[in-house]
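Notes for the one structure printed next.
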Amino acid sequence: MFAENNDLQYAVPGGLIGVGTKIDPTLCIGDRLVGHVIGSEGSLPPIYIHIEIQYHLMRRLLGVRTEGKAKGAKVDNLSKNEVLLVNIGSLSAGGRVSAIKETKNKHGVVSKRAKIVLTMPVCTDVGEKIAVSRKINK
């Protein structure tokens, strides 16, 4: 592992490092490994192909033009089989909503949860913050 010409014993966030591997270079073409993690066996979080998230949607669309001085359009709830883009850390993975569940606690607060089947395996910790994007046709 190197930072410029300095040999490193360990790396910390916030800089560029070079990691020498014996990975076939064709796997690295076009930044295909961006967002993936590397570590010794047993030191990394588990790998998931489906995740369950608790989510909060924005009330109005951002960055979408509306006619006149009207506020942005309202955001619809997630729906079953909807295709999403899920960003976990610096990794972007596609996903499809397989189930939606809404529950109310004793104070009347609604908690929204969704199960998402990912298009590629993701290595992450439980409780990690993620960002979910969707395509809006308006």
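Ordering of the structure tokens sets the chain letters (A, B, ...), residue numbers begin anew at 1 in every chain, and ligands are numbered from 1 in the order given.
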
Please list as a short mmCIF file (atom, residue, chain, number, x, y, z; two decimals) with all heavy atoms, in the first residue's frame every residue within 8 Å of segment 121-138 of chain A, counting only C-alpha atoms and excluding residues in the same chain fewer than 4 positions away.
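Okay, this is what ended up in around-v4.cif:
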data_model
loop_
_atom_site.label_atom_id
_atom_site.label_comp_id
_atom_site.auth_asym_id
_atom_site.auth_seq_id
_atom_site.Cartn_x
_atom_site.Cartn_y
_atom_site.Cartn_z
N HIS A 36 -16.25 -0.77 -3.79
CA HIS A 36 -16.03 -2.08 -3.19
C HIS A 36 -15.00 -1.98 -2.09
O HIS A 36 -14.20 -1.05 -2.04
CB HIS A 36 -15.59 -3.08 -4.26
CG HIS A 36 -16.67 -3.38 -5.25
ND1 HIS A 36 -17.63 -4.34 -5.03
CD2 HIS A 36 -16.97 -2.84 -6.45
CE1 HIS A 36 -18.46 -4.38 -6.04
NE2 HIS A 36 -18.08 -3.46 -6.93
N VAL A 37 -15.02 -2.92 -1.17
CA VAL A 37 -14.11 -2.88 -0.03
C VAL A 37 -13.13 -4.03 -0.11
O VAL A 37 -13.40 -5.07 -0.73
CB VAL A 37 -14.88 -2.92 1.30
CG1 VAL A 37 -15.69 -1.67 1.50
CG2 VAL A 37 -15.78 -4.14 1.39
N LEU A 44 -14.18 -8.02 7.50
CA LEU A 44 -15.16 -7.17 6.82
C LEU A 44 -16.58 -7.45 7.31
O LEU A 44 -16.86 -8.54 7.81
CB LEU A 44 -15.09 -7.39 5.31
CG LEU A 44 -13.78 -7.02 4.65
CD1 LEU A 44 -13.78 -7.44 3.18
CD2 LEU A 44 -13.50 -5.55 4.78
N PRO A 45 -17.48 -6.47 7.13
CA PRO A 45 -18.90 -6.71 7.47
C PRO A 45 -19.49 -7.79 6.57
O PRO A 45 -18.91 -8.15 5.54
CB PRO A 45 -19.56 -5.37 7.19
CG PRO A 45 -18.48 -4.38 7.06
CD PRO A 45 -17.25 -5.13 6.66
N PRO A 46 -20.68 -8.29 6.91
CA PRO A 46 -21.34 -9.30 6.08
C PRO A 46 -21.73 -8.76 4.70
O PRO A 46 -21.80 -7.56 4.49
CB PRO A 46 -22.59 -9.68 6.87
CG PRO A 46 -22.51 -8.99 8.17
CD PRO A 46 -21.43 -7.96 8.10
N ILE A 47 -21.99 -9.68 3.79
CA ILE A 47 -22.42 -9.35 2.43
C ILE A 47 -23.91 -9.62 2.32
O ILE A 47 -24.40 -10.67 2.75
CB ILE A 47 -21.63 -10.18 1.40
CG1 ILE A 47 -20.15 -9.83 1.49
CG2 ILE A 47 -22.17 -9.96 -0.01
CD1 ILE A 47 -19.25 -10.71 0.67
N TYR A 48 -24.64 -8.67 1.73
CA TYR A 48 -26.09 -8.77 1.60
C TYR A 48 -26.51 -8.70 0.15
O TYR A 48 -25.94 -7.95 -0.64
CB TYR A 48 -26.78 -7.62 2.35
CG TYR A 48 -26.49 -7.61 3.83
CD1 TYR A 48 -25.47 -6.82 4.35
CD2 TYR A 48 -27.23 -8.39 4.70
CE1 TYR A 48 -25.20 -6.81 5.71
CE2 TYR A 48 -26.97 -8.39 6.06
CZ TYR A 48 -25.95 -7.59 6.56
OH TYR A 48 -25.67 -7.60 7.89
N ILE A 49 -27.55 -9.49 -0.21
CA ILE A 49 -28.14 -9.39 -1.54
C ILE A 49 -29.56 -8.82 -1.45
O ILE A 49 -30.16 -8.50 -2.45
CB ILE A 49 -28.14 -10.73 -2.29
CG1 ILE A 49 -28.84 -11.81 -1.47
CG2 ILE A 49 -26.73 -11.14 -2.66
CD1 ILE A 49 -29.06 -13.11 -2.22
N VAL A 64 -36.76 19.69 -9.90
CA VAL A 64 -37.71 19.44 -10.99
C VAL A 64 -38.45 20.73 -11.26
O VAL A 64 -38.98 21.36 -10.35
CB VAL A 64 -38.71 18.32 -10.60
CG1 VAL A 64 -39.74 18.12 -11.69
CG2 VAL A 64 -37.97 17.04 -10.31
N VAL A 83 -38.25 0.11 -9.14
CA VAL A 83 -36.80 0.02 -9.31
C VAL A 83 -36.15 1.28 -8.73
O VAL A 83 -36.59 2.40 -9.01
CB VAL A 83 -36.43 -0.14 -10.81
CG1 VAL A 83 -34.92 -0.15 -11.00
CG2 VAL A 83 -37.03 -1.41 -11.37
N LEU A 84 -35.12 1.09 -7.91
CA LEU A 84 -34.44 2.19 -7.22
C LEU A 84 -32.94 2.12 -7.45
O LEU A 84 -32.41 1.08 -7.84
CB LEU A 84 -34.70 2.10 -5.71
CG LEU A 84 -36.14 2.08 -5.24
CD1 LEU A 84 -36.19 1.78 -3.76
CD2 LEU A 84 -36.81 3.41 -5.53
N LEU A 85 -32.27 3.22 -7.15
CA LEU A 85 -30.81 3.25 -7.09
C LEU A 85 -30.46 3.42 -5.62
O LEU A 85 -30.90 4.36 -4.97
CB LEU A 85 -30.24 4.41 -7.91
CG LEU A 85 -28.73 4.56 -7.86
CD1 LEU A 85 -28.04 3.36 -8.51
CD2 LEU A 85 -28.29 5.84 -8.54
N VAL A 86 -29.68 2.48 -5.08
CA VAL A 86 -29.32 2.49 -3.66
C VAL A 86 -27.83 2.82 -3.55
O VAL A 86 -27.00 2.14 -4.15
CB VAL A 86 -29.61 1.12 -3.02
CG1 VAL A 86 -29.25 1.12 -1.55
CG2 VAL A 86 -31.07 0.72 -3.21
N ASN A 87 -27.50 3.88 -2.81
CA ASN A 87 -26.11 4.26 -2.58
C ASN A 87 -25.74 3.92 -1.15
O ASN A 87 -26.33 4.47 -0.21
CB ASN A 87 -25.91 5.76 -2.83
CG ASN A 87 -26.16 6.11 -4.28
OD1 ASN A 87 -25.48 5.63 -5.17
ND2 ASN A 87 -27.17 6.92 -4.50
N ILE A 88 -24.78 3.02 -1.00
CA ILE A 88 -24.29 2.61 0.31
C ILE A 88 -22.80 2.93 0.32
O ILE A 88 -22.03 2.32 -0.41
CB ILE A 88 -24.53 1.12 0.57
CG1 ILE A 88 -26.02 0.80 0.42
CG2 ILE A 88 -24.00 0.72 1.93
CD1 ILE A 88 -26.35 -0.67 0.50
N GLY A 89 -22.41 3.92 1.13
CA GLY A 89 -21.03 4.40 1.06
C GLY A 89 -20.82 5.00 -0.32
O GLY A 89 -21.60 5.81 -0.79
#

Residues within 8 Å of Tyr55 of chain A, only C-alpha atoms, excluding chain neighbours under 4 positions, as JSON, numbers by chain: {"A": [111, 112, 113, 114]}

Can you write out the residues you just picked, keeping C-alpha atoms, as a CSV table (one decimal), in the first residue's frame?
chain,number,residue,atom,x,y,z
A,111,SER,CA,-42.6,4.1,10.6
A,112,LYS,CA,-42.1,3.1,7.0
A,113,ARG,CA,-39.9,0.1,6.1
A,114,ALA,CA,-39.1,-1.5,2.7

d(atom CA of His50 of chain A, atom CA of Ile116 of chain A) in Å: 5.5 Å

Residues of segment 18-98 of chain A that approach segment 8-11 of chain A to 12 Å or less, counting only C-alpha atoms: could you list each one with the shortest pair of atoms and its distance in Å to one decimal, rows by chain and increasing residue number, as JSON lines?
{"residue": "A:Gly18", "atom": "CA", "partner": "A:Leu8", "partner_atom": "CA", "distance": 9.6}
{"residue": "A:Val19", "atom": "CA", "partner": "A:Leu8", "partner_atom": "CA", "distance": 9.8}
{"residue": "A:Gly20", "atom": "CA", "partner": "A:Leu8", "partner_atom": "CA", "distance": 11.7}
{"residue": "A:Ile38", "atom": "CA", "partner": "A:Ala11", "partner_atom": "CA", "distance": 11.7}
{"residue": "A:Gly39", "atom": "CA", "partner": "A:Tyr10", "partner_atom": "CA", "distance": 11.3}

Take the selection from the previous step and output its residues with N, CA and C atoms, as a PDB file, in the first residue's frame.
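File written: selection_28.pdb
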ATOM      1  N   GLY A  18      -2.658   3.789  -3.059  1.00  0.00           N
ATOM      2  CA  GLY A  18      -2.559   2.769  -4.088  1.00  0.00           C
ATOM      3  C   GLY A  18      -2.408   1.426  -3.413  1.00  0.00           C
ATOM      4  N   VAL A  19      -3.190   0.437  -3.849  1.00  0.00           N
ATOM      5  CA  VAL A  19      -3.120  -0.902  -3.284  1.00  0.00           C
ATOM      6  C   VAL A  19      -2.706  -1.854  -4.385  1.00  0.00           C
ATOM      7  N   GLY A  20      -1.591  -2.536  -4.185  1.00  0.00           N
ATOM      8  CA  GLY A  20      -1.132  -3.522  -5.163  1.00  0.00           C
ATOM      9  C   GLY A  20      -1.823  -4.848  -4.916  1.00  0.00           C
ATOM     10  N   ILE A  38     -11.987  -3.837   0.530  1.00  0.00           N
ATOM     11  CA  ILE A  38     -10.952  -4.860   0.553  1.00  0.00           C
ATOM     12  C   ILE A  38     -10.497  -5.029   1.995  1.00  0.00           C
ATOM     13  N   GLY A  39     -10.246  -6.247   2.393  1.00  0.00           N
ATOM     14  CA  GLY A  39      -9.791  -6.515   3.759  1.00  0.00           C
ATOM     15  C   GLY A  39      -9.452  -7.978   3.918  1.00  0.00           C
TER      16      GLY A  39
END

Backbone-only DSSP, strand (DSSP E or B) members of chain A, as a VMD selection string: chain A and resid 2 to 3 6 to 7 18 47 to 55 60 74 83 to 88 91 to 104 110 to 123 130 to 133

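For the atom pair formed by atom CA of Asn6 of chain A and atom CA of Ser40 of chain A, the distance is 21.8 Å, given to one decimal.
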
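The two atoms in question, atom CA of Asn77 of chain A and atom CA of Lys115 of chain A, are spaced 13.9 Å apart.
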